[in-house]
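Dumped data-v3.txt below, it's compact mmCIF, C-alpha atoms:
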```txt
# COMPACT_ATOMS: atom_id res chain seq x y z
CA MET A 663 125.88 129.90 75.09
CA ASN A 664 126.91 130.64 78.67
CA LYS A 665 123.30 131.24 79.64
CA LEU A 666 122.28 127.92 78.14
CA PHE A 667 125.10 126.15 80.02
CA LEU A 668 124.06 127.77 83.30
CA PHE A 669 120.43 126.81 82.68
CA ILE A 670 121.41 123.17 82.09
CA GLN A 671 123.50 123.13 85.29
CA LEU A 672 120.61 124.62 87.27
CA PHE A 673 118.20 122.05 85.81
CA ILE A 674 120.53 119.18 86.76
CA CYS A 675 120.88 120.54 90.31
CA LEU A 676 117.10 120.75 90.66
CA LEU A 677 116.78 117.14 89.53
CA ILE A 678 119.35 116.02 92.09
CA VAL A 679 117.64 117.96 94.88
CA SER A 680 114.29 116.53 93.83
CA ALA A 681 115.67 112.98 93.85
CA CYS A 682 117.22 113.46 97.28
CA LYS A 683 113.97 114.88 98.61
CA LYS A 684 112.08 111.87 97.31
CA ASN A 685 114.47 109.44 98.92
CA THR A 686 114.30 111.08 102.32
CA ASN A 687 110.58 111.94 102.44
CA ASP A 688 108.73 109.41 100.30
CA ALA A 689 108.70 106.56 102.80
CA ILE A 690 105.48 105.10 101.39
CA ALA A 691 107.23 104.53 98.06
CA TYR A 692 109.99 102.77 99.99
CA TYR A 693 107.53 100.58 101.91
CA ASN A 694 105.72 99.56 98.72
CA LYS A 695 108.99 98.67 97.02
CA VAL A 696 109.92 96.56 100.04
CA ASN A 697 106.56 94.81 99.83
CA GLU A 698 107.15 94.01 96.16
CA ILE A 699 110.61 92.64 96.85
CA ASP A 700 109.48 90.70 99.90
CA SER A 701 106.84 89.05 97.70
CA ILE A 702 109.56 88.05 95.24
CA TYR A 703 111.45 86.38 98.08
CA ARG A 704 108.60 85.06 100.23
CA ILE A 705 105.89 84.16 97.69
CA ALA A 706 107.66 83.78 94.33
CA LYS A 707 110.61 82.20 96.18
CA ASN A 708 113.29 83.89 94.07
CA PRO A 709 115.97 84.96 96.59
CA GLN A 710 118.55 85.84 93.91
CA LEU A 711 116.23 88.40 92.30
CA ALA A 712 115.13 89.67 95.73
CA VAL A 713 118.75 90.36 96.73
CA LYS A 714 119.36 92.21 93.45
CA LYS A 715 116.24 94.33 93.94
CA TYR A 716 117.09 95.05 97.59
CA SER A 717 120.59 96.14 96.60
CA GLN A 718 119.10 98.63 94.14
CA LEU A 719 116.55 99.84 96.70
CA PHE A 720 119.09 100.44 99.46
CA SER A 721 121.27 102.41 97.08
CA GLU A 722 118.36 104.84 96.70
CA PHE A 723 116.74 104.79 100.15
CA THR A 724 118.01 104.65 103.71
CA PRO A 725 117.17 101.10 104.86
CA LYS A 726 114.73 100.26 107.61
CA ASN A 727 114.15 96.92 109.28
CA GLN A 728 110.38 96.71 109.73
CA ASP A 729 108.76 94.36 112.21
CA ARG A 730 108.43 90.82 110.79
CA ILE A 731 109.53 91.79 107.26
CA GLU A 732 113.03 92.79 108.47
CA GLU A 733 114.01 93.79 104.95
CA TYR A 734 117.61 94.84 105.62
CA THR A 735 118.45 91.79 107.73
CA THR A 736 116.83 89.58 105.09
CA TYR A 737 118.90 91.25 102.38
CA ILE A 738 122.18 90.79 104.26
CA THR A 739 121.57 87.18 105.29
CA LEU A 740 120.34 86.14 101.84
CA ALA A 741 123.26 87.86 100.11
CA ASP A 742 125.73 86.14 102.43
CA ARG A 743 124.08 82.76 101.84
CA LEU A 744 124.22 83.28 98.06
CA ASN A 745 127.82 84.63 98.15
CA ILE A 746 126.70 88.01 96.80
CA ASP A 747 128.63 91.11 97.86
CA PHE A 748 126.49 93.25 100.21
CA GLY A 749 129.12 95.73 101.35
CA GLY A 750 130.90 93.83 104.12
CA LYS A 751 131.54 95.46 107.50
CA LYS A 752 130.04 98.82 106.55
CA SER A 753 126.67 97.22 105.79
CA LEU A 754 126.86 95.00 108.87
CA TYR A 755 127.40 98.03 111.12
CA LYS A 756 124.22 99.50 109.60
CA MET A 757 122.45 96.22 110.32
CA ILE A 758 123.63 96.27 113.96
CA SER A 759 122.22 99.80 114.37
CA LEU A 760 118.87 98.63 113.03
CA LEU A 761 118.88 95.66 115.44
CA ALA A 762 120.08 97.76 118.40
CA PRO A 763 116.61 98.73 119.72
CA TYR A 764 115.47 95.13 120.05
CA GLY A 765 117.37 93.71 123.01
CA ASN A 766 119.32 90.54 122.34
CA THR A 767 118.00 90.02 118.80
CA TYR A 768 121.48 90.72 117.48
CA LYS A 769 122.75 87.47 119.05
CA ILE A 770 120.97 85.44 116.37
CA HIS A 771 123.42 86.92 113.86
CA LEU A 772 126.67 86.72 115.85
CA SER A 773 128.09 84.00 113.59
CA LEU A 774 127.51 86.25 110.57
CA PHE A 775 129.21 89.21 112.25
CA LYS A 776 132.12 87.01 113.31
CA LYS A 777 132.51 85.74 109.75
CA TYR A 778 133.28 89.29 108.66
CA GLY A 779 135.57 90.11 111.57
CA ILE A 780 133.12 91.72 114.02
CA ASP A 781 133.21 90.06 117.44
CA ASN A 782 130.66 90.21 120.24
CA THR A 783 132.54 93.01 122.04
CA GLU A 784 132.46 95.21 118.95
CA VAL A 785 128.75 94.52 118.42
CA LYS A 786 128.01 95.56 122.00
CA LYS A 787 130.03 98.74 121.51
CA GLN A 788 128.07 99.58 118.36
CA ILE A 789 124.81 99.09 120.26
CA ALA A 790 126.05 101.18 123.19
CA ASP A 791 127.02 103.98 120.79
CA TRP A 792 123.55 103.80 119.24
CA LYS A 793 121.92 104.14 122.66
CA LYS A 794 123.99 107.24 123.45
CA GLN A 795 122.28 109.20 120.69
CA LEU A 796 118.78 108.58 122.05
CA ASN A 797 116.81 111.51 123.45
CA LYS A 798 117.00 111.23 127.25
CA ARG A 799 114.32 113.87 127.80
CA LEU A 800 111.83 111.99 125.63
CA ILE A 801 112.75 108.67 127.23
CA ASP A 802 112.03 110.13 130.68
CA SER A 803 108.73 111.63 129.50
CA PHE A 804 107.42 108.53 127.73
CA SER A 805 108.53 106.22 130.55
CA VAL A 806 106.12 108.17 132.76
CA ALA A 807 103.46 108.38 130.03
CA MET A 808 103.38 104.63 129.38
CA ILE A 809 102.75 103.91 133.07
CA ARG A 810 100.19 106.70 133.21
CA ASP A 811 98.46 105.28 130.14
CA GLN A 812 97.58 102.10 132.05
CA GLU A 813 96.84 103.63 135.45
CA LYS A 814 93.35 102.50 136.57
CA ARG A 815 92.29 102.18 132.96
CA HIS A 816 88.66 100.96 132.75
CA ILE A 817 88.54 101.16 136.57
CA ASP A 818 88.45 104.88 137.36
CA LEU A 819 87.19 106.86 134.35
CA LYS A 820 88.05 110.25 135.88
CA ILE A 821 91.70 109.30 136.34
CA GLN A 822 91.70 107.70 132.89
CA ALA A 823 90.40 110.91 131.29
CA LYS A 824 92.93 113.05 133.19
CA ASN A 825 95.80 110.78 132.14
CA LEU A 826 94.60 110.74 128.54
CA LYS A 827 94.70 114.54 128.41
CA LYS A 828 98.23 114.62 129.83
CA ASN A 829 99.43 112.00 127.34
CA ALA A 830 97.75 113.69 124.37
CA ASP A 831 99.34 117.00 125.39
CA LEU A 832 102.73 115.27 125.69
CA LEU A 833 102.36 113.70 122.25
CA ILE A 834 101.46 117.02 120.62
CA TRP A 835 104.29 118.79 122.46
CA THR A 836 106.66 116.11 121.18
CA PHE A 837 105.40 116.56 117.61
CA LYS A 838 106.07 120.29 117.79
CA ASN A 839 109.50 120.04 119.41
CA TYR A 840 111.00 116.74 118.27
CA GLY A 841 108.69 115.15 115.70
CA PHE A 842 107.32 111.66 116.14
CA PRO A 843 108.75 109.73 119.15
CA SER A 844 110.19 107.00 116.95
CA VAL A 845 112.38 104.06 117.91
CA ASP A 846 115.34 106.07 116.59
CA LYS A 847 114.64 108.73 119.22
CA ILE A 848 113.53 106.73 122.29
CA GLY A 849 114.28 103.06 121.59
CA THR A 850 111.82 100.37 122.66
CA THR A 851 112.27 100.42 126.45
CA GLY A 852 112.54 103.29 128.89
CA ASN A 853 113.52 103.81 132.51
CA ASN A 854 113.19 100.73 134.73
CA ASN A 855 112.62 98.64 131.58
CA VAL A 856 109.24 100.22 130.86
CA PHE A 857 108.16 98.92 127.46
CA PHE A 858 107.22 101.60 124.96
CA ALA A 859 103.96 100.07 123.71
CA MET A 860 103.48 102.81 121.15
CA PRO A 861 100.69 101.10 119.12
CA THR A 862 98.57 100.75 122.28
CA PHE A 863 99.45 104.27 123.42
CA LEU A 864 98.37 105.70 120.05
CA THR A 865 95.11 103.76 119.86
CA HIS A 866 94.09 105.29 123.19
CA MET A 867 94.35 108.71 121.50
CA ILE A 868 91.04 107.99 119.73
CA GLU A 869 89.37 108.95 123.04
CA SER A 870 90.97 112.41 122.99
CA ASP A 871 89.38 115.54 121.55
CA LYS A 872 92.80 116.07 119.93
CA TYR A 873 92.39 112.90 117.85
CA PRO A 874 91.74 114.66 114.49
CA TYR A 875 94.99 116.63 114.85
CA ILE A 876 96.95 113.58 116.02
CA LYS A 877 95.62 111.52 113.11
CA HIS A 878 96.63 114.25 110.66
CA LYS A 879 100.14 114.49 112.11
CA LEU A 880 100.63 110.73 112.22
CA LEU A 881 99.86 110.44 108.52
CA GLU A 882 102.55 113.04 107.88
CA TYR A 883 104.96 110.94 109.94
CA VAL A 884 104.00 107.79 108.03
CA LYS A 885 104.94 109.60 104.83
CA SER A 886 108.25 110.78 106.31
CA GLY A 887 109.08 107.28 107.60
CA ASP A 888 109.00 108.15 111.31
CA CYS A 889 105.71 106.44 112.24
CA PRO A 890 105.24 102.80 111.18
CA PRO A 891 102.22 102.43 108.84
CA ARG A 892 100.78 99.66 110.99
CA ASP A 893 100.67 101.90 114.09
CA TYR A 894 98.70 104.49 112.14
CA ALA A 895 96.38 101.86 110.63
CA LEU A 896 95.66 100.29 114.02
CA MET A 897 94.72 103.66 115.47
CA VAL A 898 92.45 104.58 112.55
CA ASP A 899 90.65 101.23 112.55
CA MET A 900 90.18 101.36 116.32
CA TYR A 901 88.53 104.76 115.85
CA ASN A 902 86.39 103.34 113.04
CA ASP A 903 85.28 100.51 115.35
CA SER A 904 84.22 102.98 118.02
CA SER A 905 82.37 105.07 115.41
CA GLY A 906 80.53 102.16 113.78
CA ILE A 907 82.59 102.39 110.57
CA LYS A 908 83.82 99.36 108.64
CA THR A 909 87.49 98.55 108.86
CA CYS A 910 89.70 100.56 106.51
CA TYR A 911 92.96 98.60 106.73
CA SER A 912 91.63 95.26 108.10
CA TYR A 913 92.79 95.86 111.67
CA GLY A 914 89.29 96.65 112.91
CA LEU A 915 86.55 94.34 114.12
CA ARG A 916 83.83 95.60 111.78
CA GLU A 917 83.96 93.43 108.67
CA ASN A 918 84.57 94.97 105.27
CA LYS A 919 84.10 92.48 102.43
CA ASP A 920 85.64 94.79 99.83
CA SER A 921 89.14 93.31 99.98
CA ALA A 922 90.19 95.15 96.82
CA GLN A 923 89.45 98.51 98.47
CA ILE A 924 91.19 97.43 101.67
CA ASN A 925 94.29 96.51 99.65
CA ARG A 926 94.21 99.92 97.95
CA ASN A 927 93.92 101.59 101.36
CA ARG A 928 96.80 99.52 102.68
CA LYS A 929 99.02 100.32 99.68
CA SER A 930 98.29 104.04 100.10
CA ILE A 931 100.20 104.00 103.40
CA GLY A 932 102.78 101.33 102.50
CA LEU A 933 101.22 98.22 104.06
CA PRO A 934 101.40 94.85 102.29
CA SER A 935 98.24 93.34 100.82
CA LEU A 936 95.99 91.09 102.90
CA LYS A 937 97.34 87.95 101.22
CA HIS A 938 100.94 89.07 101.63
CA SER A 939 100.36 90.04 105.28
CA ALA A 940 98.88 86.61 106.00
CA LYS A 941 102.02 84.99 104.55
CA ILE A 942 104.27 87.25 106.63
CA ARG A 943 102.36 86.37 109.82
CA LYS A 944 102.46 82.66 109.02
CA ASP A 945 106.22 82.73 108.42
CA TYR A 946 106.79 84.79 111.56
CA PHE A 947 104.90 82.51 113.93
CA SER A 948 106.23 79.33 112.31
CA SER A 949 109.74 80.51 113.21
CA PHE A 950 108.85 79.95 116.89
CA GLU A 951 107.69 76.36 116.35
```
File written out as structure tokens:
Amino acid sequence: MNKLFLFIQLFICLLIVSACKKNTNDAIAYYNKVNEIDSIYRIAKNPQLAVKKYSQLFSEFTPKNQDRIEEYTTYITLADRLNIDFGGKKSLYKMISLLAPYGNTYKIHLSLFKKYGIDNTEVKKQIADWKKQLNKRLIDSFSVAMIRDQEKRHIDLKIQAKNLKKNADLLIWTFKNYGFPSVDKIGTTGNNNVFFAMPTFLTHMIESDKYPYIKHKLLEYVKSGDCPPRDYALMVDMYNDSSGIKTCYSYGLRENKDSAQINRNRKSIGLPSLKHSAKIRKDYFSSFE
């Protein structure tokens, strides 16, 4: 009887560990769930159901705030508008941390923060605290690398090749010592306001003899949630363009008429479908009109 009880306890522990592992490492499952919920909100126009689904999702997965989808901000703002409990200050602090890398974006939501007792001074403190945990060594390194990446590009091919090697070596060194240089590690701007144009930086890696290794590692980081799927897809399709291969994720210039296959490829790394992406882009750019 005791052995049976111990076996049951061990089995339950293994299930818990397995569930935790899924939630921390299966980012593609998270992205695809976000895409489903975003479709409910954006295409089916059912914000109440979207909020309910987001609430369930964020109880299982650590939230992100992806470019243009902005799932966590959408969840909070919709829930507030519909008078649905989203967790109050605790959830808003999480939202501030997700907005922290993007300059003054947080100011759009100051009235919401104020409504729940968080003033501008407190928001700034939260952002300052977030910045303190960034990796100064990586910020210094990638500030130099981003400038180097553009130095005499397409003007002096010898310098371009030398700089590419240095940057590829830095990227691989970073992988081995710190993992992917994500926004959570280096933010979006470095020393002297150098913009970390990571998608452009990564696409230039297709010219390196280290590209196969970098591609392999980036896919690992997509799965772990460190590298945005779009950054990986842009790099792969740029390589496909240079190799005469049809676009895989629809970011390349070489036409691929098999939209069903493209959508399967996109889903395999957590990107929304072509139709859904078009709607996201339309909504994003219409917000500036």
In file coordinates, which residues lie within 12 Å of (112.8, 91.0, 108.5) using only C-alpha atoms, given as a ChimeraX atom specification? /A:696-697,699-700,703-704,725-740,757,760-761,767,942-943,945-946,949
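Taking all atoms listed in the file into account, Asp846 in chain A lies nearest to A:Ser759 out of the set A:Ser904, A:Ser759, A:Asn708, A:Gln822.
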Might you pull out every residue within 9 Å of Val898 in chain A, with only C-alpha atoms counted and same-chain residues fewer than 4 positions away left off, and present them as a VMD selection string? chain A and resid 865 868 877 893 to 894 902 to 903 909 to 911 913 to 914
How many Å separate CA of Ser870 in chain A from CA of Asn829 in chain A?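 Between CA of Ser870 in chain A and CA of Asn829 in chain A the gap is 9.5 Å.
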Write out as a PyMOL selection string each polymer residue whose atoms come within 9 Å of Glu869 in chain A, counting all atoms listed in the file; drop sequence neighbours fewer than 3 positions from it. chain A and resi 823+826+865-866+872-873+901
Could you check which residues have any atom within 8 Å of (121.0, 83.0, 96.3), counting all atoms listed in the file with coordinates taken straight from the file, and then list them as a ChimeraX atom specification? /A:709-710,713,740-741,743-746
Rounded to one decimal in Å, what is the spacing between CA of Leu772 in chain A and CA of Val785 in chain A? 8.5 Å
Extending 8 Å beyond the listed atoms of range 867-885 of chain A on each side, what axis-aligned box results? I want centre and edge lengths in Å to one decimal, as AutoDock Vina command-line options.
```
--center_x 97.2 --center_y 112.2 --center_z 113.9 --size_x 31.6 --size_y 24.8 --size_z 34.2
```
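The gap separating CA of Pro843 in chain A from CA of Lys820 in chain A is 26.6 Å, in Å to one decimal.
Of the listed residues A:Asp899, A:Glu882, A:Asp811, A:Asp802, the one whose atoms come nearest to Met860 in chain A is A:Asp811, with distances taken using only C-alpha atoms.
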Reconstruct N, CA, C and O atoms of range 915-931 of chain A from the incomplete input and present them as a PDB file, in the coordinates of the input.
```pdb
ATOM      1  N   LEU A 915      87.432  95.470 113.871  1.00  0.00           N
ATOM      2  CA  LEU A 915      86.550  94.340 114.120  1.00  0.00           C
ATOM      3  C   LEU A 915      85.337  94.345 113.201  1.00  0.00           C
ATOM      4  O   LEU A 915      84.705  93.308 113.003  1.00  0.00           O
ATOM      5  N   ARG A 916      84.999  95.511 112.638  1.00  0.00           N
ATOM      6  CA  ARG A 916      83.830  95.600 111.780  1.00  0.00           C
ATOM      7  C   ARG A 916      84.183  95.164 110.357  1.00  0.00           C
ATOM      8  O   ARG A 916      84.974  95.798 109.680  1.00  0.00           O
ATOM      9  N   GLU A 917      83.580  94.086 109.928  1.00  0.00           N
ATOM     10  CA  GLU A 917      83.960  93.430 108.670  1.00  0.00           C
ATOM     11  C   GLU A 917      83.744  94.349 107.467  1.00  0.00           C
ATOM     12  O   GLU A 917      82.763  95.074 107.371  1.00  0.00           O
ATOM     13  N   ASN A 918      84.682  94.296 106.552  1.00  0.00           N
ATOM     14  CA  ASN A 918      84.570  94.970 105.270  1.00  0.00           C
ATOM     15  C   ASN A 918      84.918  93.943 104.193  1.00  0.00           C
ATOM     16  O   ASN A 918      86.060  93.492 104.095  1.00  0.00           O
ATOM     17  N   LYS A 919      83.916  93.557 103.405  1.00  0.00           N
ATOM     18  CA  LYS A 919      84.100  92.480 102.430  1.00  0.00           C
ATOM     19  C   LYS A 919      84.789  92.952 101.153  1.00  0.00           C
ATOM     20  O   LYS A 919      85.132  92.128 100.300  1.00  0.00           O
ATOM     21  N   ASP A 920      84.986  94.252 101.028  1.00  0.00           N
ATOM     22  CA  ASP A 920      85.640  94.790  99.830  1.00  0.00           C
ATOM     23  C   ASP A 920      87.152  94.710  99.992  1.00  0.00           C
ATOM     24  O   ASP A 920      87.824  95.700 100.298  1.00  0.00           O
ATOM     25  N   SER A 921      87.699  93.521  99.778  1.00  0.00           N
ATOM     26  CA  SER A 921      89.140  93.310  99.980  1.00  0.00           C
ATOM     27  C   SER A 921      89.975  94.121  99.000  1.00  0.00           C
ATOM     28  O   SER A 921      91.096  94.530  99.322  1.00  0.00           O
ATOM     29  N   ALA A 922      89.445  94.356  97.809  1.00  0.00           N
ATOM     30  CA  ALA A 922      90.190  95.150  96.820  1.00  0.00           C
ATOM     31  C   ALA A 922      90.396  96.579  97.330  1.00  0.00           C
ATOM     32  O   ALA A 922      91.485  97.151  97.198  1.00  0.00           O
ATOM     33  N   GLN A 923      89.335  97.154  97.932  1.00  0.00           N
ATOM     34  CA  GLN A 923      89.450  98.510  98.470  1.00  0.00           C
ATOM     35  C   GLN A 923      90.387  98.531  99.673  1.00  0.00           C
ATOM     36  O   GLN A 923      91.192  99.460  99.825  1.00  0.00           O
ATOM     37  N   ILE A 924      90.291  97.509 100.515  1.00  0.00           N
ATOM     38  CA  ILE A 924      91.190  97.430 101.670  1.00  0.00           C
ATOM     39  C   ILE A 924      92.639  97.388 101.196  1.00  0.00           C
ATOM     40  O   ILE A 924      93.505  98.084 101.746  1.00  0.00           O
ATOM     41  N   ASN A 925      92.915  96.595 100.171  1.00  0.00           N
ATOM     42  CA  ASN A 925      94.290  96.510  99.650  1.00  0.00           C
ATOM     43  C   ASN A 925      94.748  97.846  99.085  1.00  0.00           C
ATOM     44  O   ASN A 925      95.924  98.214  99.229  1.00  0.00           O
ATOM     45  N   ARG A 926      93.843  98.585  98.451  1.00  0.00           N
ATOM     46  CA  ARG A 926      94.210  99.920  97.950  1.00  0.00           C
ATOM     47  C   ARG A 926      94.512 100.859  99.119  1.00  0.00           C
ATOM     48  O   ARG A 926      95.466 101.644  99.069  1.00  0.00           O
ATOM     49  N   ASN A 927      93.681 100.761 100.166  1.00  0.00           N
ATOM     50  CA  ASN A 927      93.920 101.590 101.360  1.00  0.00           C
ATOM     51  C   ASN A 927      95.272 101.258 101.980  1.00  0.00           C
ATOM     52  O   ASN A 927      96.027 102.157 102.394  1.00  0.00           O
ATOM     53  N   ARG A 928      95.547  99.967 102.075  1.00  0.00           N
ATOM     54  CA  ARG A 928      96.800  99.520 102.680  1.00  0.00           C
ATOM     55  C   ARG A 928      98.001 100.015 101.852  1.00  0.00           C
ATOM     56  O   ARG A 928      98.985 100.510 102.390  1.00  0.00           O
ATOM     57  N   LYS A 929      97.909  99.888 100.548  1.00  0.00           N
ATOM     58  CA  LYS A 929      99.020 100.320  99.680  1.00  0.00           C
ATOM     59  C   LYS A 929      99.240 101.826  99.794  1.00  0.00           C
ATOM     60  O   LYS A 929     100.386 102.304  99.696  1.00  0.00           O
ATOM     61  N   SER A 930      98.169 102.570 100.037  1.00  0.00           N
ATOM     62  CA  SER A 930      98.290 104.040 100.100  1.00  0.00           C
ATOM     63  C   SER A 930      99.145 104.503 101.266  1.00  0.00           C
ATOM     64  O   SER A 930      99.640 105.640 101.268  1.00  0.00           O
ATOM     65  N   ILE A 931      99.321 103.627 102.273  1.00  0.00           N
ATOM     66  CA  ILE A 931     100.200 104.000 103.400  1.00  0.00           C
ATOM     67  C   ILE A 931     101.406 103.052 103.511  1.00  0.00           C
ATOM     68  O   ILE A 931     102.152 103.117 104.485  1.00  0.00           O
TER      69      ILE A 931
END
```
